[in-house]
Structure formats: structure tokens, C-alpha cells
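The structure file query-v1.pdb is reproduced below (PDB, C-alpha atoms and all ligand atoms).
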MODEL        1
ATOM      1  CA  MET X   1      -1.512  16.830  16.310  1.00  0.00           C
ATOM      2  CA  ALA X   2      -4.801  15.030  15.876  1.00  0.00           C
ATOM      3  CA  ALA X   3      -6.391  11.793  17.024  1.00  0.00           C
ATOM      4  CA  PRO X   4      -6.372   8.737  14.710  1.00  0.00           C
ATOM      5  CA  GLU X   5      -9.013   8.836  11.988  1.00  0.00           C
ATOM      6  CA  VAL X   6      -9.519   5.075  12.066  1.00  0.00           C
ATOM      7  CA  PRO X   7     -11.594   3.293  14.693  1.00  0.00           C
ATOM      8  CA  ILE X   8      -9.530   0.952  16.889  1.00  0.00           C
ATOM      9  CA  ASP X   9     -11.294  -1.772  18.845  1.00  0.00           C
ATOM     10  CA  VAL X  10      -9.199  -3.484  21.511  1.00  0.00           C
ATOM     11  CA  ASP X  11     -10.110  -6.929  22.821  1.00  0.00           C
ATOM     12  CA  PRO X  12      -9.833  -6.523  26.615  1.00  0.00           C
ATOM     13  CA  GLU X  13      -8.826 -10.165  27.090  1.00  0.00           C
ATOM     14  CA  THR X  14      -6.226 -10.633  24.391  1.00  0.00           C
ATOM     15  CA  GLY X  15      -5.157  -7.036  23.765  1.00  0.00           C
ATOM     16  CA  ILE X  16      -5.625  -7.591  20.025  1.00  0.00           C
ATOM     17  CA  TRP X  17      -6.423  -4.463  18.018  1.00  0.00           C
ATOM     18  CA  ARG X  18      -8.997  -4.462  15.238  1.00  0.00           C
ATOM     19  CA  THR X  19      -9.897  -1.895  12.613  1.00  0.00           C
ATOM     20  CA  ASP X  20     -12.548  -2.460   9.977  1.00  0.00           C
ATOM     21  CA  ASP X  21     -13.032  -6.064  11.114  1.00  0.00           C
ATOM     22  CA  LEU X  22      -9.377  -6.929  10.615  1.00  0.00           C
ATOM     23  CA  PRO X  23      -6.817  -7.639  13.362  1.00  0.00           C
ATOM     24  CA  MET X  24      -4.066  -5.034  13.276  1.00  0.00           C
ATOM     25  CA  VAL X  25      -0.547  -4.586  14.698  1.00  0.00           C
ATOM     26  CA  TYR X  26       0.747  -1.234  15.892  1.00  0.00           C
ATOM     27  CA  LEU X  27       4.506  -1.066  15.532  1.00  0.00           C
ATOM     28  CA  PRO X  28       7.332   1.473  15.437  1.00  0.00           C
ATOM     29  CA  ARG X  29       8.222   2.654  11.942  1.00  0.00           C
ATOM     30  CA  HIS X  30      11.906   1.958  12.535  1.00  0.00           C
ATOM     31  CA  PHE X  31      11.081  -1.677  13.267  1.00  0.00           C
ATOM     32  CA  LEU X  32       9.397  -2.028   9.903  1.00  0.00           C
ATOM     33  CA  VAL X  33      12.124  -0.246   7.975  1.00  0.00           C
ATOM     34  CA  ASN X  34      15.012  -1.937   9.797  1.00  0.00           C
ATOM     35  CA  ASN X  35      13.535  -5.300   8.848  1.00  0.00           C
ATOM     36  CA  HIS X  36      13.116  -4.066   5.300  1.00  0.00           C
ATOM     37  CA  ARG X  37      16.762  -2.957   5.119  1.00  0.00           C
ATOM     38  CA  ALA X  38      17.956  -6.275   6.545  1.00  0.00           C
ATOM     39  CA  VAL X  39      16.085  -8.304   3.937  1.00  0.00           C
ATOM     40  CA  GLU X  40      17.267  -6.002   1.140  1.00  0.00           C
ATOM     41  CA  ALA X  41      20.852  -6.577   2.256  1.00  0.00           C
ATOM     42  CA  ALA X  42      20.432 -10.348   2.576  1.00  0.00           C
ATOM     43  CA  MET X  43      18.438 -11.032  -0.594  1.00  0.00           C
ATOM     44  CA  GLY X  44      19.146  -8.187  -2.960  1.00  0.00           C
ATOM     45  CA  ILE X  45      16.534  -5.615  -3.872  1.00  0.00           C
ATOM     46  CA  GLU X  46      15.040  -7.176  -7.003  1.00  0.00           C
ATOM     47  CA  PRO X  47      14.403 -10.678  -5.570  1.00  0.00           C
ATOM     48  CA  TYR X  48      12.915  -9.069  -2.454  1.00  0.00           C
ATOM     49  CA  ARG X  49      10.800  -6.736  -4.569  1.00  0.00           C
ATOM     50  CA  ALA X  50       9.366  -9.725  -6.466  1.00  0.00           C
ATOM     51  CA  ILE X  51       8.462 -11.592  -3.279  1.00  0.00           C
ATOM     52  CA  LEU X  52       7.009  -8.486  -1.673  1.00  0.00           C
ATOM     53  CA  ARG X  53       4.895  -7.894  -4.756  1.00  0.00           C
ATOM     54  CA  GLN X  54       3.185 -11.247  -4.366  1.00  0.00           C
ATOM     55  CA  ALA X  55       2.686 -10.909  -0.622  1.00  0.00           C
ATOM     56  CA  THR X  56       1.416  -7.338  -0.542  1.00  0.00           C
ATOM     57  CA  GLU X  57      -0.758  -7.893  -3.594  1.00  0.00           C
ATOM     58  CA  ALA X  58      -2.471 -10.845  -1.891  1.00  0.00           C
ATOM     59  CA  SER X  59      -2.988  -8.721   1.219  1.00  0.00           C
ATOM     60  CA  ALA X  60      -4.535  -5.883  -0.778  1.00  0.00           C
ATOM     61  CA  VAL X  61      -6.888  -8.272  -2.574  1.00  0.00           C
ATOM     62  CA  HIS X  62      -7.922  -9.738   0.787  1.00  0.00           C
ATOM     63  CA  TRP X  63      -8.476  -6.333   2.403  1.00  0.00           C
ATOM     64  CA  CYS X  64     -10.592  -5.122  -0.513  1.00  0.00           C
ATOM     65  CA  ALA X  65     -12.701  -8.302  -0.528  1.00  0.00           C
ATOM     66  CA  VAL X  66     -13.391  -8.058   3.218  1.00  0.00           C
ATOM     67  CA  GLN X  67     -14.276  -4.366   3.043  1.00  0.00           C
ATOM     68  CA  ALA X  68     -16.417  -4.644  -0.071  1.00  0.00           C
ATOM     69  CA  ARG X  69     -18.379  -7.436   1.565  1.00  0.00           C
ATOM     70  CA  SER X  70     -18.806  -5.862   4.992  1.00  0.00           C
ATOM     71  CA  LEU X  71     -19.579  -2.337   3.746  1.00  0.00           C
ATOM     72  CA  GLY X  72     -21.335  -3.150   0.488  1.00  0.00           C
ATOM     73  CA  LEU X  73     -19.022  -0.908  -1.548  1.00  0.00           C
ATOM     74  CA  ASP X  74     -18.513  -1.133  -5.291  1.00  0.00           C
ATOM     75  CA  PRO X  75     -14.995  -1.885  -6.563  1.00  0.00           C
ATOM     76  CA  GLU X  76     -13.952   1.721  -7.169  1.00  0.00           C
ATOM     77  CA  GLN X  77     -15.296   2.871  -3.795  1.00  0.00           C
ATOM     78  CA  THR X  78     -13.441   0.002  -2.154  1.00  0.00           C
ATOM     79  CA  VAL X  79     -10.141   0.855  -3.836  1.00  0.00           C
ATOM     80  CA  ARG X  80     -10.442   4.526  -2.946  1.00  0.00           C
ATOM     81  CA  ARG X  81     -11.241   3.582   0.644  1.00  0.00           C
ATOM     82  CA  TYR X  82      -8.222   1.283   0.705  1.00  0.00           C
ATOM     83  CA  PHE X  83      -5.848   4.139  -0.082  1.00  0.00           C
ATOM     84  CA  GLN X  84      -7.697   6.459   2.286  1.00  0.00           C
ATOM     85  CA  ARG X  85      -7.294   3.933   5.104  1.00  0.00           C
ATOM     86  CA  LEU X  86      -3.609   3.402   4.337  1.00  0.00           C
ATOM     87  CA  SER X  87      -3.195   7.166   4.536  1.00  0.00           C
ATOM     88  CA  GLN X  88      -5.055   7.290   7.846  1.00  0.00           C
ATOM     89  CA  ARG X  89      -2.899   4.486   9.246  1.00  0.00           C
ATOM     90  CA  GLY X  90       0.347   6.353   8.773  1.00  0.00           C
ATOM     91  CA  TRP X  91       1.925   4.793   5.683  1.00  0.00           C
ATOM     92  CA  GLY X  92       1.934   8.149   3.907  1.00  0.00           C
ATOM     93  CA  ARG X  93      -0.612  10.264   2.085  1.00  0.00           C
ATOM     94  CA  PHE X  94      -1.877   8.427  -0.973  1.00  0.00           C
ATOM     95  CA  GLU X  95      -3.667  10.561  -3.515  1.00  0.00           C
ATOM     96  CA  VAL X  96      -5.445   8.816  -6.385  1.00  0.00           C
ATOM     97  CA  GLU X  97      -4.634  11.043  -9.364  1.00  0.00           C
ATOM     98  CA  HIS X  98      -6.093   8.796 -12.022  1.00  0.00           C
ATOM     99  CA  LEU X  99      -8.215   5.663 -11.858  1.00  0.00           C
ATOM    100  CA  ASP X 100      -9.651   4.166 -15.022  1.00  0.00           C
ATOM    101  CA  ALA X 101     -11.571   1.038 -14.088  1.00  0.00           C
ATOM    102  CA  ALA X 102     -12.620   0.229 -17.662  1.00  0.00           C
ATOM    103  CA  GLY X 103      -9.125   0.643 -19.056  1.00  0.00           C
ATOM    104  CA  GLY X 104      -7.451  -0.902 -16.025  1.00  0.00           C
ATOM    105  CA  GLN X 105      -4.983   1.930 -15.455  1.00  0.00           C
ATOM    106  CA  GLY X 106      -4.164   4.244 -12.597  1.00  0.00           C
ATOM    107  CA  ARG X 107      -1.697   6.688 -11.109  1.00  0.00           C
ATOM    108  CA  ILE X 108      -1.234   7.473  -7.425  1.00  0.00           C
ATOM    109  CA  ALA X 109       0.898  10.158  -5.819  1.00  0.00           C
ATOM    110  CA  LEU X 110       2.303   9.527  -2.360  1.00  0.00           C
ATOM    111  CA  SER X 111       3.698  12.084   0.035  1.00  0.00           C
ATOM    112  CA  ALA X 112       5.256  11.437   3.437  1.00  0.00           C
ATOM    113  CA  SER X 113       5.981   7.814   2.535  1.00  0.00           C
ATOM    114  CA  VAL X 114       7.308   5.922   5.554  1.00  0.00           C
ATOM    115  CA  PHE X 115      10.094   4.455   3.433  1.00  0.00           C
ATOM    116  CA  ALA X 116      11.139   7.717   1.804  1.00  0.00           C
ATOM    117  CA  LEU X 117      11.201   9.410   5.206  1.00  0.00           C
ATOM    118  CA  GLU X 118      13.310   6.683   6.805  1.00  0.00           C
ATOM    119  CA  TYR X 119      15.741   6.236   3.898  1.00  0.00           C
ATOM    120  CA  GLY X 120      16.083   9.950   3.173  1.00  0.00           C
ATOM    121  CA  THR X 121      17.072  11.557  -0.105  1.00  0.00           C
ATOM    122  CA  GLY X 122      20.503   9.987   0.129  1.00  0.00           C
ATOM    123  CA  ALA X 123      19.031   6.709  -1.114  1.00  0.00           C
ATOM    124  CA  GLY X 124      19.058   8.008  -4.686  1.00  0.00           C
ATOM    125  CA  ARG X 125      16.683   5.284  -5.863  1.00  0.00           C
ATOM    126  CA  PRO X 126      12.995   4.457  -5.461  1.00  0.00           C
ATOM    127  CA  VAL X 127      12.574   2.864  -2.039  1.00  0.00           C
ATOM    128  CA  CYS X 128       8.792   2.521  -1.737  1.00  0.00           C
ATOM    129  CA  TYR X 129       8.420  -0.557  -3.931  1.00  0.00           C
ATOM    130  CA  MET X 130       6.546  -2.344  -1.150  1.00  0.00           C
ATOM    131  CA  PHE X 131       3.559  -0.246  -2.168  1.00  0.00           C
ATOM    132  CA  GLU X 132       3.639  -1.496  -5.759  1.00  0.00           C
ATOM    133  CA  GLY X 133       1.855  -4.671  -4.681  1.00  0.00           C
ATOM    134  CA  PHE X 134      -0.697  -2.595  -2.802  1.00  0.00           C
ATOM    135  CA  MET X 135      -1.546  -0.987  -6.145  1.00  0.00           C
ATOM    136  CA  THR X 136      -1.588  -4.146  -8.250  1.00  0.00           C
ATOM    137  CA  GLY X 137      -3.758  -5.850  -5.629  1.00  0.00           C
ATOM    138  CA  ALA X 138      -6.166  -2.925  -5.601  1.00  0.00           C
ATOM    139  CA  LEU X 139      -6.212  -3.028  -9.392  1.00  0.00           C
ATOM    140  CA  ARG X 140      -7.078  -6.722  -9.363  1.00  0.00           C
ATOM    141  CA  HIS X 141     -10.024  -5.934  -7.117  1.00  0.00           C
ATOM    142  CA  LEU X 142     -11.062  -3.104  -9.410  1.00  0.00           C
ATOM    143  CA  LEU X 143     -11.037  -5.446 -12.401  1.00  0.00           C
ATOM    144  CA  GLY X 144     -13.470  -7.840 -10.743  1.00  0.00           C
ATOM    145  CA  ASP X 145     -13.474 -11.420 -12.048  1.00  0.00           C
ATOM    146  CA  ALA X 146     -10.937 -10.537 -14.744  1.00  0.00           C
ATOM    147  CA  GLY X 147      -8.568  -9.343 -12.033  1.00  0.00           C
ATOM    148  CA  ALA X 148      -7.802 -12.864 -10.867  1.00  0.00           C
ATOM    149  CA  THR X 149      -5.943 -13.733 -14.054  1.00  0.00           C
ATOM    150  CA  ALA X 150      -5.009 -10.387 -15.619  1.00  0.00           C
ATOM    151  CA  THR X 151      -1.369  -9.463 -16.081  1.00  0.00           C
ATOM    152  CA  VAL X 152      -0.899  -6.321 -14.024  1.00  0.00           C
ATOM    153  CA  GLY X 153       2.136  -4.202 -13.322  1.00  0.00           C
ATOM    154  CA  CYS X 154       3.155  -1.229 -11.244  1.00  0.00           C
ATOM    155  CA  GLU X 155       6.255   0.890 -10.983  1.00  0.00           C
ATOM    156  CA  GLU X 156       7.272   3.662  -8.643  1.00  0.00           C
ATOM    157  CA  THR X 157       8.356   6.039 -11.390  1.00  0.00           C
ATOM    158  CA  GLN X 158       9.661   8.701  -9.038  1.00  0.00           C
ATOM    159  CA  CYS X 159      10.451   8.684  -5.342  1.00  0.00           C
ATOM    160  CA  ALA X 160      10.942  11.330  -2.704  1.00  0.00           C
ATOM    161  CA  ALA X 161      14.107   9.397  -1.772  1.00  0.00           C
ATOM    162  CA  GLN X 162      15.508  10.588  -5.125  1.00  0.00           C
ATOM    163  CA  GLY X 163      14.789  14.200  -4.198  1.00  0.00           C
ATOM    164  CA  HIS X 164      11.391  14.439  -5.884  1.00  0.00           C
ATOM    165  CA  GLU X 165       8.667  16.366  -4.123  1.00  0.00           C
ATOM    166  CA  HIS X 166       6.576  13.213  -3.769  1.00  0.00           C
ATOM    167  CA  CYS X 167       6.534   9.595  -4.884  1.00  0.00           C
ATOM    168  CA  LEU X 168       4.539   8.533  -7.921  1.00  0.00           C
ATOM    169  CA  PHE X 169       3.210   5.121  -8.892  1.00  0.00           C
ATOM    170  CA  GLU X 170       1.818   4.134 -12.268  1.00  0.00           C
ATOM    171  CA  PHE X 171      -0.013   0.858 -12.618  1.00  0.00           C
ATOM    172  CA  GLY X 172      -2.146  -0.954 -15.092  1.00  0.00           C
ATOM    173  CA  VAL X 173      -3.046  -4.030 -17.060  1.00  0.00           C
ATOM    174  CA  ASP X 174      -0.232  -5.331 -19.261  1.00  0.00           C
ATOM    175  CA  ARG X 175       2.314  -2.946 -17.754  1.00  0.00           C
ATOM    176  CA  PRO X 176       5.800  -4.330 -17.270  1.00  0.00           C
ATOM    177  CA  ALA X 177       7.133  -4.873 -13.754  1.00  0.00           C
TER     178      ALA X 177
HETATM  179 ZN    ZN U   1       9.019   6.644  -2.716  1.00  0.00          ZN
ENDMDL
END
Show me the file's structure as C-alpha cells.
Amino acid sequence: MAAPEVPIDVDPETGIWRTDDLPMVYLPRHFLVNNHRAVEAAMGIEPYRAILRQATEASAVHWCAVQARSLGLDPEQTVRRYFQRLSQRGWGRFEVEHLDAAGGQGRIALSASVFALEYGTGAGRPVCYMFEGFMTGALRHLLGDAGATATVGCEETQCAAQGHEHCLFEFGVDRPA
């Protein structure tokens, strides 16, 4: 085992954790996934997926804006750092396989996804759709001013919960979903 690769600053008065200038919450993975399962059951997967897309996309855009500003990174550096940090924070190992800023397209492989691990291969369907908004949000940041209004899409085209070796996400401008 190894120590965390992200710096964690704890406010001694409030107990609030911060990493990279953002307040963070440290929680058990089962808590996250149990909540996820409960909402899937209550709402249905597709309506939940659509709402999650908006919420996680907004969060990704916010994270990238804060980091770009505080570290002075260019858009591609920021996006690569975003997926590095997610990997270091235990969501899974994100590997950027393709990132075309000019063409607005990308592909990311993910191993050890928290969702795939919790659902297991018995799920038989892609279960990591929460990350699709992470990708479309990162893509909006990558696109700069055009990213605010561009039509962007992302799909988990294969998932470890279907028995694949790893999960795979393809995203881009004018992609469906
Ligand atoms: Zn997956």
C-alpha cells in the first residue's frame, strides 16, 4: 500500500478537508454506490443518467476553471491533471488514450472503476455513466469559449461490469448521448 498522492489540508477548527483549494469529502465507497443504486431504482437509469450528466459536467467545468486559474495551466494540461487527480483520489485509473483539442474529440480508458468494482460483472451493462459528465465537462473546458455552447456527448462504450478488461469512454463535439 502507499500513501495518498494528493495533498490533504485539514482545518483544525472545522475538520473540513481541502485538496487543491477545494473542500473535499472522504466517504466510504459503498455509501456512494448504495446511494447510486437507490436513485437508479427510484428514477430509472436513463432519467438519472441525464440528471447526473448535467451535475457532474458542471462540477468538472468548475474544477477545471479553479485549477487553471490557481495553477496557471493551459486547457489541455488542466484536463490531463483533472483525470490524474481523479485517479489519485480513488475513482479508478483514468488513462487518456486520445485527446484532440482542435477536433474536440477524446477517448479515455478506465480501470478499477469504483462502480464496476461494486456492481461486478453480473451487471451486464455499462455502470460507470456518472463519469460521462466528467468527460463532457472536461471537454467543455478544453474547447475554451466555444465549450460553453458546444453540443458535446460522451458514451461509455464498454464497461468492466460487462466483463471487459477495462471501461472505455468516447467523447466529442456533436456526438450523440
Ligand atoms: Zn465501467
Pull the closest atom pair for each residue of range 150-175 of chain X that gets at most 12 Å from range 79-98 of chain X, along with the distance in Å to one decimal, counting only C-alpha atoms, ordering rows by chain and then ascending residue number, as a Markdown table.
| residue | atom | partner | partner_atom | distance |
| --- | --- | --- | --- | --- |
| X:Ala160 | CA | X:Gly92 | CA | 11.6 |
| X:His166 | CA | X:Arg93 | CA | 9.7 |
| X:Cys167 | CA | X:Phe94 | CA | 9.3 |
| X:Leu168 | CA | X:Phe94 | CA | 9.5 |
| X:Phe169 | CA | X:Val96 | CA | 9.7 |
| X:Glu170 | CA | X:His98 | CA | 9.2 |
| X:Phe171 | CA | X:His98 | CA | 10.0 |
| X:Gly172 | CA | X:His98 | CA | 11.0 |
Enumerate, in order of chain and increasing residue number, the residues of chain X with an atom no farther than 12 Å from ligand ZN 1 (chain U), each with its shortest atom pair and distance in Å to one decimal, counting only C-alpha atoms and all ligand atoms, as a tab-separated table.
residue	atom	partner	partner_atom	distance
X:Trp91	CA	U:ZN1	ZN	11.1
X:Gly92	CA	U:ZN1	ZN	9.8
X:Arg93	CA	U:ZN1	ZN	11.4
X:Phe94	CA	U:ZN1	ZN	11.2
X:Ile108	CA	U:ZN1	ZN	11.3
X:Ala109	CA	U:ZN1	ZN	9.4
X:Leu110	CA	U:ZN1	ZN	7.3
X:Ser111	CA	U:ZN1	ZN	8.1
X:Ala112	CA	U:ZN1	ZN	8.7
X:Ser113	CA	U:ZN1	ZN	6.2
X:Val114	CA	U:ZN1	ZN	8.5
X:Phe115	CA	U:ZN1	ZN	6.6
X:Ala116	CA	U:ZN1	ZN	5.1
X:Leu117	CA	U:ZN1	ZN	8.7
X:Glu118	CA	U:ZN1	ZN	10.4
X:Tyr119	CA	U:ZN1	ZN	9.4
X:Gly120	CA	U:ZN1	ZN	9.8
X:Thr121	CA	U:ZN1	ZN	9.8
X:Ala123	CA	U:ZN1	ZN	10.1
X:Gly124	CA	U:ZN1	ZN	10.3
X:Arg125	CA	U:ZN1	ZN	8.4
X:Pro126	CA	U:ZN1	ZN	5.3
X:Val127	CA	U:ZN1	ZN	5.2
X:Cys128	CA	U:ZN1	ZN	4.2
X:Tyr129	CA	U:ZN1	ZN	7.3
X:Met130	CA	U:ZN1	ZN	9.5
X:Phe131	CA	U:ZN1	ZN	8.8
X:Glu132	CA	U:ZN1	ZN	10.2
X:Glu155	CA	U:ZN1	ZN	10.4
X:Glu156	CA	U:ZN1	ZN	6.9
X:Thr157	CA	U:ZN1	ZN	8.7
X:Gln158	CA	U:ZN1	ZN	6.7
X:Cys159	CA	U:ZN1	ZN	3.6
X:Ala160	CA	U:ZN1	ZN	5.1
X:Ala161	CA	U:ZN1	ZN	5.9
X:Gln162	CA	U:ZN1	ZN	8.0
X:Gly163	CA	U:ZN1	ZN	9.6
X:His164	CA	U:ZN1	ZN	8.7
X:Glu165	CA	U:ZN1	ZN	9.8
X:His166	CA	U:ZN1	ZN	7.1
X:Cys167	CA	U:ZN1	ZN	4.4
X:Leu168	CA	U:ZN1	ZN	7.1
X:Phe169	CA	U:ZN1	ZN	8.6
In file coordinates, which residues lie within 12 Å of (3.5, -10.0, -16.6) using all atoms listed in the file, given as a list in words?
Ala50, Thr136, Thr149, Ala150, Thr151, Val152, Gly153, Cys154, Gly172, Val173, Asp174, Arg175, Pro176 and Ala177 of chain X
Restricting it to C-alpha atoms, dump the selection as a PDB file, in the coordinates of the input.
ATOM      1  CA  ALA X  50       9.366  -9.725  -6.466  1.00  0.00           C
ATOM      2  CA  THR X 136      -1.588  -4.146  -8.250  1.00  0.00           C
ATOM      3  CA  THR X 149      -5.943 -13.733 -14.054  1.00  0.00           C
ATOM      4  CA  ALA X 150      -5.009 -10.387 -15.619  1.00  0.00           C
ATOM      5  CA  THR X 151      -1.369  -9.463 -16.081  1.00  0.00           C
ATOM      6  CA  VAL X 152      -0.899  -6.321 -14.024  1.00  0.00           C
ATOM      7  CA  GLY X 153       2.136  -4.202 -13.322  1.00  0.00           C
ATOM      8  CA  CYS X 154       3.155  -1.229 -11.244  1.00  0.00           C
ATOM      9  CA  GLY X 172      -2.146  -0.954 -15.092  1.00  0.00           C
ATOM     10  CA  VAL X 173      -3.046  -4.030 -17.060  1.00  0.00           C
ATOM     11  CA  ASP X 174      -0.232  -5.331 -19.261  1.00  0.00           C
ATOM     12  CA  ARG X 175       2.314  -2.946 -17.754  1.00  0.00           C
ATOM     13  CA  PRO X 176       5.800  -4.330 -17.270  1.00  0.00           C
ATOM     14  CA  ALA X 177       7.133  -4.873 -13.754  1.00  0.00           C
TER      15      ALA X 177
END
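The two atoms in question, CA of Asp145 in chain X and CA of Ala55 in chain X, are spaced 19.8 Å apart.
Proximity ranking of X:Leu27, X:Glu5, X:Asn35, X:Ala60 relative to Tyr48 in chain X places X:Asn35 first, based on only C-alpha atoms.
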